[in-house]
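A.B. asks: My structure is in protein-v6.txt, and what it holds is compact mmCIF, C-alpha atoms and all ligand atoms:
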# COMPACT_ATOMS: atom_id res chain seq x y z
CA THR A 28 24.02 167.68 83.53
CA ALA A 29 26.37 168.06 86.48
CA THR A 30 26.97 171.72 87.31
CA TYR A 31 30.17 172.96 88.95
CA ASP A 32 31.14 176.31 90.45
CA VAL A 33 34.11 176.29 88.10
CA VAL A 34 34.86 174.19 85.02
CA ILE A 35 38.45 174.31 83.72
CA ILE A 36 39.35 173.23 80.19
CA GLY A 37 42.93 171.90 80.14
CA GLY A 38 45.13 170.36 82.82
CA GLY A 39 48.39 171.93 81.66
CA ALA A 40 50.43 174.59 83.43
CA GLY A 41 47.49 177.03 83.39
CA GLY A 42 44.61 174.70 84.27
CA ILE A 43 46.31 172.97 87.20
CA SER A 44 47.84 176.15 88.67
CA VAL A 45 44.56 178.02 88.62
CA ALA A 46 42.59 175.08 90.06
CA ALA A 47 45.05 174.81 92.95
CA SER A 48 45.07 178.56 93.52
CA LEU A 49 41.25 178.64 93.63
CA LEU A 50 41.03 175.76 96.10
CA ASN A 51 43.70 177.32 98.32
CA ARG A 52 41.53 180.42 98.50
CA GLN A 53 38.18 178.66 98.90
CA SER A 54 38.32 174.94 99.61
CA ASP A 55 34.60 174.20 99.27
CA LEU A 56 34.39 175.19 95.60
CA THR A 57 33.28 172.46 93.21
CA ILE A 58 35.78 172.34 90.36
CA ALA A 59 35.91 170.11 87.29
CA ILE A 60 39.08 169.82 85.19
CA ILE A 61 38.67 168.50 81.65
CA GLU A 62 41.96 167.01 80.43
CA PRO A 63 42.45 163.96 78.17
CA ALA A 64 46.17 163.34 78.79
CA GLU A 65 47.46 160.59 81.06
CA ASP A 66 50.56 162.66 81.88
CA HIS A 67 51.42 166.26 82.68
CA PHE A 68 54.60 167.65 81.12
CA TYR A 69 57.07 170.26 82.29
CA GLN A 70 57.66 171.57 78.77
CA PRO A 71 60.28 174.20 79.75
CA GLY A 72 62.50 171.22 80.64
CA TRP A 73 62.53 169.93 77.06
CA THR A 74 65.21 172.46 76.02
CA MET A 75 67.38 171.00 78.77
CA VAL A 76 66.63 167.43 77.61
CA GLY A 77 67.70 168.44 74.10
CA GLY A 78 70.89 169.89 75.59
CA GLY A 79 71.72 166.72 77.51
CA ILE A 80 71.15 168.29 80.93
CA PHE A 81 67.80 166.87 82.10
CA THR A 82 66.52 163.34 81.64
CA GLN A 83 63.37 163.01 79.57
CA GLU A 84 61.53 161.31 82.47
CA SER A 85 62.16 164.22 84.84
CA THR A 86 59.81 166.38 82.73
CA ARG A 87 56.77 164.11 83.14
CA LYS A 88 54.45 163.16 85.98
CA PRO A 89 51.15 161.26 85.96
CA MET A 90 48.25 163.70 85.57
CA ALA A 91 46.58 162.05 88.57
CA ASP A 92 49.46 163.30 90.74
CA VAL A 93 49.05 166.96 89.79
CA VAL A 94 45.25 167.33 89.68
CA PRO A 95 44.27 168.81 93.07
CA LYS A 96 42.58 166.19 95.26
CA LYS A 97 39.49 168.33 95.74
CA ALA A 98 38.92 168.78 91.98
CA THR A 99 37.06 166.31 89.78
CA TRP A 100 39.09 165.16 86.77
CA HIS A 101 37.15 164.32 83.60
CA GLN A 102 39.65 162.45 81.43
CA THR A 103 38.35 163.48 78.03
CA THR A 104 38.40 166.55 75.77
CA ALA A 105 36.06 169.52 75.68
CA LYS A 106 34.32 169.27 72.31
CA SER A 107 32.30 172.47 72.38
CA ILE A 108 31.51 175.36 74.67
CA ASN A 109 28.07 176.90 74.76
CA PRO A 110 28.36 180.30 76.48
CA ASP A 111 24.60 180.88 76.25
CA THR A 112 23.61 177.74 78.15
CA GLU A 113 26.78 177.94 80.29
CA SER A 114 27.82 174.43 79.47
CA VAL A 115 30.63 172.40 77.95
CA VAL A 116 30.02 169.28 75.85
CA LEU A 117 32.66 166.60 76.35
CA THR A 118 33.88 164.10 73.76
CA SER A 119 32.71 161.38 76.15
CA GLY A 120 29.15 162.58 75.50
CA GLN A 121 28.59 164.15 78.90
CA THR A 122 27.65 167.82 79.35
CA LEU A 123 29.00 169.90 82.25
CA GLY A 124 27.31 173.07 83.45
CA TYR A 125 29.38 175.87 84.96
CA ARG A 126 28.93 179.03 86.99
CA ARG A 127 32.36 180.19 85.83
CA LEU A 128 34.45 178.71 83.02
CA ILE A 129 38.24 178.90 82.72
CA VAL A 130 39.60 178.16 79.25
CA ALA A 131 43.22 176.89 79.24
CA PRO A 132 43.71 174.35 76.44
CA GLY A 133 47.16 175.64 75.41
CA LEU A 134 48.01 175.94 71.73
CA VAL A 135 48.34 173.57 68.79
CA VAL A 136 51.81 172.87 67.39
CA ASP A 137 51.08 172.52 63.68
CA TRP A 138 53.48 169.76 62.57
CA SER A 139 51.45 169.14 59.42
CA ALA A 140 51.99 172.72 58.17
CA ILE A 141 55.46 171.70 56.95
CA SER A 142 55.26 169.27 54.10
CA GLY A 143 57.14 165.99 54.65
CA LEU A 144 58.02 166.82 58.26
CA GLU A 145 55.86 164.34 60.16
CA GLU A 146 57.15 161.36 58.15
CA THR A 147 60.77 162.12 58.92
CA LEU A 148 60.71 163.48 62.49
CA GLY A 149 62.92 161.34 64.69
CA HIS A 150 64.88 160.03 61.67
CA ASN A 151 67.35 161.36 59.09
CA GLY A 152 68.74 163.95 61.50
CA VAL A 153 65.37 165.75 61.85
CA THR A 154 64.31 166.62 65.38
CA SER A 155 62.43 169.08 67.61
CA ASN A 156 62.53 169.97 71.29
CA TYR A 157 58.82 170.79 70.99
CA ARG A 158 57.92 167.12 71.52
CA TYR A 159 58.60 165.05 74.62
CA ASP A 160 59.51 161.96 72.63
CA LEU A 161 61.91 163.83 70.32
CA ALA A 162 63.92 165.99 72.75
CA PRO A 163 66.35 163.11 73.54
CA TYR A 164 66.90 162.66 69.79
CA THR A 165 68.10 166.29 69.63
CA TRP A 166 70.79 165.48 72.16
CA SER A 167 71.82 162.29 70.40
CA LEU A 168 72.18 164.21 67.11
CA VAL A 169 74.19 166.96 68.80
CA LYS A 170 76.52 164.40 70.37
CA SER A 171 77.10 162.49 67.15
CA LEU A 172 77.60 165.43 64.78
CA THR A 173 81.28 166.23 64.28
CA GLN A 174 81.13 168.01 60.94
CA GLY A 175 78.59 169.17 58.36
CA LYS A 176 75.59 171.46 58.30
CA ALA A 177 73.19 172.14 61.16
CA LEU A 178 69.97 174.10 60.60
CA PHE A 179 67.76 175.51 63.37
CA THR A 180 64.41 176.95 62.30
CA GLN A 181 61.97 179.41 63.84
CA PRO A 182 58.41 179.90 62.49
CA PRO A 183 56.37 183.12 62.41
CA MET A 184 55.16 184.38 65.80
CA PRO A 185 53.30 183.71 68.00
CA ILE A 186 54.86 180.56 69.41
CA LYS A 187 55.22 179.27 72.94
CA CYS A 188 58.57 180.22 74.43
CA ALA A 189 59.82 182.38 71.59
CA GLY A 190 63.42 181.87 72.69
CA ALA A 191 63.33 178.06 72.54
CA PRO A 192 64.38 177.74 68.85
CA GLN A 193 67.65 179.56 69.54
CA LYS A 194 68.17 178.01 72.98
CA ALA A 195 68.45 174.60 71.28
CA MET A 196 71.03 176.08 68.91
CA TYR A 197 73.24 177.74 71.53
CA LEU A 198 73.39 174.59 73.67
CA ALA A 199 74.33 172.54 70.59
CA CYS A 200 77.04 175.03 69.54
CA ASP A 201 78.42 175.14 73.07
CA HIS A 202 78.81 171.35 73.02
CA TRP A 203 80.50 171.42 69.60
CA ARG A 204 82.81 174.18 70.81
CA LYS A 205 83.86 172.16 73.86
CA GLN A 206 84.43 169.08 71.68
CA GLY A 207 86.57 171.15 69.31
CA ASN A 208 84.17 170.57 66.39
CA LEU A 209 82.57 174.00 66.07
CA GLY A 210 84.85 174.98 63.18
CA GLN A 211 83.77 171.93 61.15
CA ILE A 212 80.04 172.52 61.66
CA GLU A 213 78.26 175.18 59.66
CA THR A 214 75.30 176.36 61.75
CA THR A 215 72.47 178.46 60.29
CA PHE A 216 69.57 180.04 62.18
CA CYS A 217 66.69 180.12 59.68
CA ASN A 218 64.17 182.52 61.18
CA ALA A 219 60.86 183.41 59.53
CA GLY A 220 60.97 186.69 61.46
CA GLU A 221 63.18 189.70 60.92
CA VAL A 222 64.83 190.00 64.34
CA LEU A 223 66.81 187.73 66.63
CA PHE A 224 64.49 188.29 69.61
CA GLY A 225 61.28 190.29 69.97
CA VAL A 226 62.38 192.37 72.96
CA LYS A 227 65.18 194.58 71.66
CA ASP A 228 67.05 195.02 74.97
CA TYR A 229 68.12 191.36 74.79
CA VAL A 230 69.32 191.38 71.19
CA PRO A 231 72.90 192.66 71.77
CA ALA A 232 73.69 189.92 74.32
CA LEU A 233 72.28 187.24 72.01
CA GLN A 234 74.02 188.68 68.96
CA LYS A 235 77.33 188.31 70.81
CA TYR A 236 76.69 184.59 71.13
CA ILE A 237 75.72 184.34 67.46
CA GLU A 238 79.15 185.77 66.64
CA HIS A 239 80.94 183.76 69.34
CA TYR A 240 79.64 180.53 67.81
CA GLY A 241 80.04 181.71 64.19
CA ILE A 242 76.34 181.15 63.42
CA GLU A 243 74.98 182.39 60.13
CA THR A 244 71.59 184.11 60.47
CA ALA A 245 69.01 183.80 57.68
CA TYR A 246 66.04 186.07 58.42
CA LYS A 247 62.70 185.98 56.57
CA ASN A 248 63.42 182.30 55.91
CA ARG A 249 60.29 180.24 56.56
CA LEU A 250 60.59 176.45 56.51
CA THR A 251 57.95 175.01 54.15
CA ALA A 252 59.05 171.42 53.41
CA VAL A 253 61.51 168.76 54.48
CA ASP A 254 62.83 165.88 52.39
CA GLY A 255 64.26 163.65 55.11
CA ALA A 256 65.77 160.99 52.83
CA ALA A 257 67.55 163.58 50.68
CA LYS A 258 68.40 165.68 53.77
CA VAL A 259 67.21 168.90 52.18
CA ALA A 260 64.99 171.58 53.75
CA GLN A 261 62.98 174.01 51.68
CA PHE A 262 62.40 177.63 52.69
CA GLU A 263 60.29 180.46 51.43
CA VAL A 264 62.48 183.54 51.54
CA ALA A 265 60.72 186.88 51.54
CA GLY A 266 62.46 189.56 49.51
CA GLU A 267 61.65 192.99 48.15
CA ASN A 268 60.27 191.59 44.90
CA GLY A 269 58.11 188.83 46.37
CA SER A 270 59.33 185.53 47.72
CA GLN A 271 61.51 182.79 46.35
CA THR A 272 62.14 179.17 47.25
CA VAL A 273 65.55 178.24 48.61
CA GLU A 274 66.80 174.73 49.36
CA ARG A 275 69.33 174.06 52.09
CA PRO A 276 71.04 170.72 52.66
CA PHE A 277 71.52 169.58 56.26
CA ASP A 278 73.06 166.89 58.42
CA MET A 279 71.00 167.95 61.42
CA LEU A 280 67.73 169.91 61.34
CA HIS A 281 66.02 171.23 64.50
CA VAL A 282 62.49 172.30 63.59
CA VAL A 283 60.05 174.52 65.45
CA PRO A 284 56.76 174.41 63.51
CA PRO A 285 54.13 177.15 63.33
CA GLN A 286 51.63 177.25 66.19
CA LYS A 287 47.96 178.14 66.29
CA ALA A 288 44.96 178.45 68.59
CA PRO A 289 42.77 175.39 69.22
CA VAL A 290 39.72 175.49 66.86
CA LEU A 291 37.44 174.96 69.87
CA ILE A 292 37.86 178.64 70.75
CA ALA A 293 36.71 180.05 67.41
CA GLU A 294 34.02 177.38 66.99
CA SER A 295 32.54 178.37 70.35
CA GLY A 296 32.47 182.07 69.46
CA LEU A 297 35.15 183.00 72.00
CA ALA A 298 37.94 184.05 69.64
CA ASN A 299 39.49 187.34 68.61
CA SER A 300 40.31 187.94 64.95
CA GLY A 301 43.41 185.72 65.19
CA GLY A 302 41.49 182.77 66.65
CA TRP A 303 42.87 183.22 70.19
CA LEU A 304 40.79 183.63 73.33
CA ASP A 305 39.43 187.19 73.45
CA LEU A 306 40.39 188.29 76.97
CA ASN A 307 40.68 191.58 78.77
CA ALA A 308 44.47 192.09 78.97
CA SER A 309 44.37 193.04 82.64
CA THR A 310 41.56 191.05 84.32
CA LEU A 311 41.79 187.99 82.00
CA GLN A 312 38.01 187.95 81.85
CA HIS A 313 36.43 187.26 78.45
CA GLU A 314 35.60 190.47 76.55
CA ARG A 315 32.01 189.40 75.81
CA TYR A 316 31.12 186.68 78.32
CA PRO A 317 31.76 187.89 81.90
CA ASN A 318 31.54 184.41 83.43
CA ILE A 319 34.34 183.09 81.20
CA PHE A 320 38.04 183.61 82.00
CA GLY A 321 41.21 182.22 80.52
CA LEU A 322 44.98 181.93 80.81
CA GLY A 323 48.01 180.33 79.24
CA ASP A 324 49.03 179.87 75.64
CA ALA A 325 45.47 179.94 74.23
CA SER A 326 45.00 183.54 75.34
CA GLY A 327 44.90 186.37 72.86
CA THR A 328 46.72 188.70 75.27
CA THR A 329 50.02 189.95 73.83
CA ASN A 330 52.35 188.61 76.54
CA ALA A 331 55.03 186.00 75.78
CA LYS A 332 53.42 182.54 75.80
CA THR A 333 55.33 180.96 78.66
CA ALA A 334 54.82 179.00 81.88
CA ALA A 335 56.32 182.07 83.54
CA ALA A 336 53.33 184.08 82.30
CA VAL A 337 51.03 181.44 83.79
CA ARG A 338 52.80 181.86 87.13
CA LYS A 339 51.53 185.48 87.22
CA GLN A 340 48.19 184.85 85.49
CA ALA A 341 46.94 182.00 87.68
CA PRO A 342 46.54 184.02 90.92
CA VAL A 343 44.95 186.88 88.96
CA VAL A 344 42.38 184.57 87.36
CA ALA A 345 41.74 182.80 90.68
CA GLN A 346 41.10 186.07 92.51
CA ASN A 347 38.92 187.49 89.76
CA VAL A 348 36.88 184.30 89.35
CA LEU A 349 36.20 184.28 93.09
CA ALA A 350 35.31 187.98 93.09
CA SER A 351 32.95 187.36 90.20
CA LEU A 352 31.31 184.37 91.97
CA HIS A 353 30.78 186.58 95.01
CA GLU A 354 29.55 189.47 92.87
CA GLN A 355 32.46 191.69 93.82
CA PRO A 356 34.40 193.93 91.42
CA LEU A 357 37.41 192.32 89.74
CA SER A 358 40.42 193.77 91.49
CA ALA A 359 43.37 191.60 90.45
CA ALA A 360 45.38 192.73 87.43
CA TYR A 361 47.94 191.08 85.13
CA TYR A 362 50.61 193.29 83.59
CA GLY A 363 51.75 190.97 80.81
CA TYR A 364 54.67 189.35 82.63
CA GLY A 365 56.47 186.63 80.74
CA SER A 366 59.96 185.25 80.95
CA CYS A 367 62.40 183.35 78.81
CA PRO A 368 65.60 181.95 80.28
CA LEU A 369 67.90 182.05 77.23
CA THR A 370 70.41 179.23 77.60
CA VAL A 371 73.28 180.90 75.76
CA GLU A 372 75.80 178.30 76.94
CA ARG A 373 75.87 175.38 79.36
CA GLY A 374 76.21 177.16 82.71
CA LYS A 375 74.98 180.62 81.70
CA ILE A 376 71.61 182.17 80.98
CA VAL A 377 70.33 185.56 79.86
CA LEU A 378 67.14 185.78 81.89
CA ALA A 379 64.64 187.77 79.85
CA GLU A 380 61.73 189.02 82.00
CA PHE A 381 59.32 191.46 80.42
CA GLY A 382 55.70 192.56 80.30
CA TYR A 383 53.30 194.05 77.77
CA ASN A 384 55.04 196.04 75.02
CA GLY A 385 58.43 194.58 75.90
CA GLN A 386 58.75 196.54 79.15
CA LEU A 387 61.40 194.93 81.36
CA GLN A 388 59.83 193.46 84.52
CA PRO A 389 62.59 191.81 86.57
CA THR A 390 61.24 189.72 89.46
CA PHE A 391 64.54 188.11 90.54
CA PRO A 392 67.42 189.81 92.39
CA LYS A 393 70.13 191.46 90.30
CA TRP A 394 72.66 188.65 90.87
CA VAL A 395 70.23 186.34 89.03
CA ASN A 396 68.78 188.71 86.46
CA ASP A 397 71.55 191.17 85.64
CA GLY A 398 69.61 193.29 83.19
CA THR A 399 70.40 191.84 79.83
CA HIS A 400 73.66 190.01 80.65
CA PRO A 401 74.13 186.25 81.07
CA THR A 402 74.61 184.98 84.64
CA ARG A 403 75.57 181.70 86.25
CA ALA A 404 72.88 182.23 88.91
CA ALA A 405 70.16 182.30 86.25
CA TRP A 406 71.48 178.97 84.95
CA LEU A 407 71.24 177.47 88.44
CA LEU A 408 67.72 178.87 88.70
CA LYS A 409 66.71 177.13 85.46
CA ALA A 410 68.64 173.91 86.04
CA LYS A 411 67.94 173.42 89.75
CA ALA A 412 65.24 175.69 91.15
CA LEU A 413 62.59 176.22 88.47
CA PRO A 414 61.52 172.57 88.00
CA TRP A 415 61.00 172.29 91.76
CA ILE A 416 59.19 175.63 91.85
CA TYR A 417 56.95 174.46 88.99
CA TRP A 418 55.96 171.10 90.47
CA ARG A 419 55.91 172.04 94.16
CA LEU A 420 54.75 175.65 94.21
CA MET A 421 53.11 176.72 90.96
CA LEU A 422 51.01 173.60 90.34
CA ARG A 423 50.00 173.69 94.01
CA GLY A 424 48.76 177.25 93.71
CA LYS A 425 51.43 178.72 95.96
CA GLU A 426 52.62 182.19 95.09
CA TRP A 427 56.29 183.12 95.32
CA LEU A 428 58.35 186.22 94.54
CA SER A 429 55.32 188.07 93.28
P1 LIG A 501 49.83 173.48 78.23
O1 LIG A 501 50.72 173.40 79.40
O2 LIG A 501 50.37 173.08 76.89
O3 LIG A 501 48.53 172.62 78.59
C1 LIG A 501 47.37 172.58 77.80
C2 LIG A 501 46.59 171.34 78.20
O4 LIG A 501 45.26 171.41 77.64
C3 LIG A 501 47.21 170.05 77.68
O5 LIG A 501 47.44 169.16 78.76
C4 LIG A 501 46.19 169.51 76.68
O6 LIG A 501 46.11 168.10 76.69
C5 LIG A 501 44.88 170.14 77.19
N1 LIG A 501 43.87 170.32 76.15
C6 LIG A 501 44.02 170.76 74.88
N2 LIG A 501 42.84 170.81 74.26
C7 LIG A 501 41.88 170.41 75.14
C8 LIG A 501 40.49 170.23 75.09
N3 LIG A 501 39.78 170.49 73.97
N4 LIG A 501 39.86 169.78 76.19
C9 LIG A 501 40.54 169.52 77.32
N5 LIG A 501 41.87 169.65 77.43
C10 LIG A 501 42.55 170.08 76.35
N6 LIG A 501 57.88 178.46 79.35
C11 LIG A 501 58.64 179.13 80.26
O7 LIG A 501 58.11 179.82 81.12
N7 LIG A 501 60.00 179.04 80.25
C12 LIG A 501 60.65 178.26 79.35
O8 LIG A 501 61.88 178.19 79.38
C13 LIG A 501 59.87 177.54 78.39
N8 LIG A 501 60.48 176.74 77.49
C14 LIG A 501 59.72 175.99 76.64
C15 LIG A 501 60.38 175.11 75.78
C16 LIG A 501 59.66 174.29 74.93
C17 LIG A 501 60.40 173.36 74.00
C18 LIG A 501 58.22 174.32 74.96
C19 LIG A 501 57.43 173.40 74.08
C20 LIG A 501 57.58 175.19 75.81
C21 LIG A 501 58.31 176.04 76.65
N9 LIG A 501 57.69 176.95 77.53
C22 LIG A 501 58.46 177.67 78.43
C23 LIG A 501 56.25 177.26 77.38
C24 LIG A 501 55.33 176.61 78.42
O9 LIG A 501 55.53 175.24 78.45
C25 LIG A 501 53.88 176.95 78.07
O10 LIG A 501 53.75 178.35 77.90
C26 LIG A 501 52.91 176.48 79.14
O11 LIG A 501 52.95 175.08 79.26
C27 LIG A 501 51.49 176.98 78.82
O12 LIG A 501 50.54 176.41 79.67
P2 LIG A 501 49.05 176.08 79.16
O13 LIG A 501 48.35 175.51 80.32
O14 LIG A 501 48.48 177.22 78.44
O15 LIG A 501 49.27 174.96 78.03
Output the file's structure as structure tokens, nothing else.

C.D. replies:
Amino acid sequence: TATYDVVIIGGGAGGISVAASLLNRQSDLTIAIIEPAEDHFYQPGWTMVGGGIFTQESTRKPMADVVPKKATWHQTTAKSINPDTESVVLTSGQTLGYRRLIVAPGLVVDWSAISGLEETLGHNGVTSNYRYDLAPYTWSLVKSLTQGKALFTQPPMPIKCAGAPQKAMYLACDHWRKQGNLGQIETTFCNAGEVLFGVKDYVPALQKYIEHYGIETAYKNRLTAVDGAAKVAQFEVAGENGSQTVERPFDMLHVVPPQKAPVLIAESGLANSGGWLDLNASTLQHERYPNIFGLGDASGTTNAKTAAAVRKQAPVVAQNVLASLHEQPLSAAYYGYGSCPLTVERGKIVLAEFGYNGQLQPTFPKWVNDGTHPTRAAWLLKAKALPWIYWRLMLRGKEWLS
């Protein structure tokens, strides 16, 4: 068994950022990153691919290019974690020992939870920006639709980037408006939840766009099945006297499926009651195993699951892991920051930035984040600056605007 100072599960936004941040702080650490994927994806860019703004390729880089040179990449999955022997068993058969473990495997998008969906995705007008290969199909559907019915669905929370289901919709409506087709397209937002957005300060600005585009909202509507050939989607609609099944025909259907924690977490005894990683909300240290830390979408902390949250979590985890290795008190704290750039039209964004309990936490100047109003500067941030910041600063462990 090879033993490392730090073993990191996952080479996504969280795993790579924290590895780089650790090595920037102490370059002689031995770090192993367990990650099966050949490529690393900039998932926040997929909304822009679906809106015809970014190319698909611009959201992908070879994993080998983002893994820090001083870290050892094990290209396989973590099969089980044994907190008592301080080791991780890999699917390749190898076992890695750790002094500190960082768990960052992201979340599981549960495509199979919607009956008939997997068979029809990418065909029959059924798409999702939640997959790299499908985001371009969203744009091709948006471009070709000139009349008919468009459905955009949102599953129960939690999901990664809670605003992404409606971002896809606003960008589509904006295109139809500019083409003069908006009046011929009936758009419905079918949301399993009861509110437009979870942080209430942002709802009025978003509601204005719902009205501007003439979108019908259907709350408590949970997508349960899709019949691609018949172009009909089935919803469970919660009402006062129980739920009923409602069928809606469509010409275009943008689906965001339910999302769940990787089973590895619960199977290894590291989960909270919901299956997510049981972390201290402030230090990001595991509640029961002090030499385990975590960040990113797999965490049970109540922040918005976003890469923006990772931007604030990675330096906190890096500092606390180092303090813990050196037997110092954990002094770095995370306040639940997350952000969601809501693309309400091509060229304008409502930049939602908030912490635990929906407290607004703006980190950009007022001309970018004007409270709850859309700005052109926030669009430029998303379209031009953030991808660069992600690849060049965040994944290299460099802090900015903190
Ligand atoms: P990921 O980046 O998903 O990485 C997890 C990694 O772990 C993967 O590479 C996976 O292969 C690996 N892994 C999984 N299981 C194992 C295992 N057992 N062993 C080893 N490795 C494993 N965020 C924003 O901030 N702003 C946005 O505008 C935004 N928009 C989004 C739009 C869309 C359509 C999507 C899908 C996401 C969006 N996000 C946005 C969310 C953001 O992408 C995620 O919050 C972020 O990537 C989380 O990082 P992570 O490291 O936890 O997970």

A.B. asks: By how many Å are CA of Pro389 (chain A) and CA of Glu238 (chain A) apart?

C.D. replies: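 Distance reported for this atom pair: 26.6 Å.
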
A.B. asks: Grab the CA of Ser167 (chain A) to CA of Leu148 (chain A) distance for me, in Å with one decimal place.

C.D. replies: 13.7 Å

A.B. asks: Using all atoms listed in the file, determine which residues fall within 6 Å of ligand LIG 501 (chain A), then list them as a PyMOL selection string.

C.D. replies: chain A and resi 36-42+61-64+70-71+73-74+104-106+131-133+156-157+187-188+191+323-325+332-335+366-368

A.B. asks: Could you list as number ranges by chain every residue that has an atom within 12 Å of (55.3, 177.6, 54.4), using the file's coordinates and counting only C-alpha atoms?

C.D. replies: A: 137-144, 181-183, 219, 247-253, 260-265, 270-273, 284-285

A.B. asks: What lies within 6 Å of region 221-230 of chain A using all atoms listed in the file, ignoring chain neighbours under 2 positions off, as a ChimeraX atom specification?

C.D. replies: /A:232-234,246-247,385,399

A.B. asks: What is the CA of Ala288 (chain A) to CA of Leu304 (chain A) distance in Å?

C.D. replies: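 Answer for the CA of Ala288 (chain A) to CA of Leu304 (chain A) separation: 8.2 Å.
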
A.B. asks: For Ser358 (chain A), work out the shell of residues within 9 Å, counting all atoms listed in the file and skipping chain neighbours fewer than 4 positions away, then give it as a ChimeraX atom specification.

C.D. replies: /A:310,343,346-347,350

A.B. asks: Would you mind listing what lies within 12 Å of Tyr417 (chain A) as a PyMOL selection string, with only C-alpha atoms counted and same-chain residues fewer than 2 positions away left out?

C.D. replies: chain A and resi 39-41+43-44+67-72+86-88+93+334-335+337-338+408-409+411-415+419-427

A.B. asks: Counting all atoms listed in the file, figure out which residue out of A:Lys194, A:His101, A:Gly365, A:Glu243 gets nearest to Gln386 (chain A).

C.D. replies: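 Checking each candidate against Gln386 (chain A), we get A:Gly365 as the closest.
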
A.B. asks: Would you please work out which residue, of A:Pro317, A:Gly124, A:Pro342, A:Gly79, is nearest to Val33 (chain A) when using all atoms listed in the file?

C.D. replies: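 Selected residue with least distance to Val33 (chain A): A:Gly124.
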
A.B. asks: Would you mind listing what lies within 10 Å of Pro276 (chain A) as a list of chain:residue names, with all atoms listed in the file counted and same-chain residues fewer than 2 positions away left out?

C.D. replies: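 So the residues in contact are A:Gly175, A:Lys176, A:Ala177, A:Leu178, A:Val253, A:Asp254, A:Ala257, A:Lys258, A:Val259, A:Ala260, A:Gln261, A:Glu274, A:Asp278, A:Met279, A:Leu280.
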
A.B. asks: Which of these, A:Glu380, A:Ile129, A:Phe81, A:Thr402, has the shortest distance to Leu49 (chain A) once you count all atoms listed in the file?

C.D. replies: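 Looking only at the distances to Leu49 (chain A), the closest residue turns out to be A:Ile129.
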
A.B. asks: In the coordinates of the file, take the point (55.1, 195.2, 75.3) and a cut-off of 8 Å; then, counting all atoms listed in the file, name each qualifying protein, DNA or RNA residue as a count of residues only.

C.D. replies: 9

A.B. asks: Would you pick out the contacts of Pro401 (chain A) at 9 Å or less, using all atoms listed in the file, so that residues sharing its chain but fewer than 4 positions from it are not included, and give the list as a PDB file with C-alpha atoms, keeping the file's coordinate frame?

C.D. replies:
ATOM      1  CA  ALA A 232      73.690 189.920  74.320  1.00  0.00           C
ATOM      2  CA  LEU A 369      67.900 182.050  77.230  1.00  0.00           C
ATOM      3  CA  THR A 370      70.410 179.230  77.600  1.00  0.00           C
ATOM      4  CA  VAL A 371      73.280 180.900  75.760  1.00  0.00           C
ATOM      5  CA  LYS A 375      74.980 180.620  81.700  1.00  0.00           C
ATOM      6  CA  ILE A 376      71.610 182.170  80.980  1.00  0.00           C
ATOM      7  CA  VAL A 377      70.330 185.560  79.860  1.00  0.00           C
ATOM      8  CA  LEU A 378      67.140 185.780  81.890  1.00  0.00           C
ATOM      9  CA  VAL A 395      70.230 186.340  89.030  1.00  0.00           C
ATOM     10  CA  ASN A 396      68.780 188.710  86.460  1.00  0.00           C
ATOM     11  CA  ASP A 397      71.550 191.170  85.640  1.00  0.00           C
ATOM     12  CA  ALA A 405      70.160 182.300  86.250  1.00  0.00           C
ATOM     13  CA  TRP A 406      71.480 178.970  84.950  1.00  0.00           C
TER      14      TRP A 406
END

A.B. asks: For Val290 (chain A), which residue among A:Leu123, A:Leu56, A:Val130, A:Val135 is the nearest when counting only C-alpha atoms?

C.D. replies: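 The shortest atom-to-atom distance to Val290 (chain A) comes from A:Val135.
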
A.B. asks: Around all the atoms of region 145-164 of chain A listed in the file, draw an axis-aligned box and extend it by 5 Å on each of the six sides; I want its centre and edge lengths in Å to one decimal, as AutoDock Vina command-line options.

C.D. replies:
--center_x 62.3 --center_y 165.4 --center_z 66.4 --size_x 22.9 --size_y 20.8 --size_z 26.5

A.B. asks: Output region 228-234 of chain A with N, CA and C atoms present, as a CSV table (one decimal), in the coordinates of the input.

C.D. replies:
chain,number,residue,atom,x,y,z
A,228,ASP,N,66.0,194.9,74.0
A,228,ASP,CA,67.0,195.0,75.0
A,228,ASP,C,67.9,193.8,75.0
A,229,TYR,N,67.4,192.6,74.7
A,229,TYR,CA,68.1,191.4,74.8
A,229,TYR,C,68.9,191.0,73.5
A,230,VAL,N,68.7,191.7,72.4
A,230,VAL,CA,69.3,191.4,71.2
A,230,VAL,C,70.8,191.5,71.2
A,231,PRO,N,71.4,192.6,71.8
A,231,PRO,CA,72.9,192.7,71.8
A,231,PRO,C,73.6,191.5,72.5
A,232,ALA,N,73.1,191.1,73.6
A,232,ALA,CA,73.7,189.9,74.3
A,232,ALA,C,73.6,188.6,73.5
A,233,LEU,N,72.5,188.4,72.8
A,233,LEU,CA,72.3,187.2,72.0
A,233,LEU,C,73.2,187.3,70.8
A,234,GLN,N,73.2,188.5,70.2
A,234,GLN,CA,74.0,188.7,69.0
A,234,GLN,C,75.5,188.3,69.2
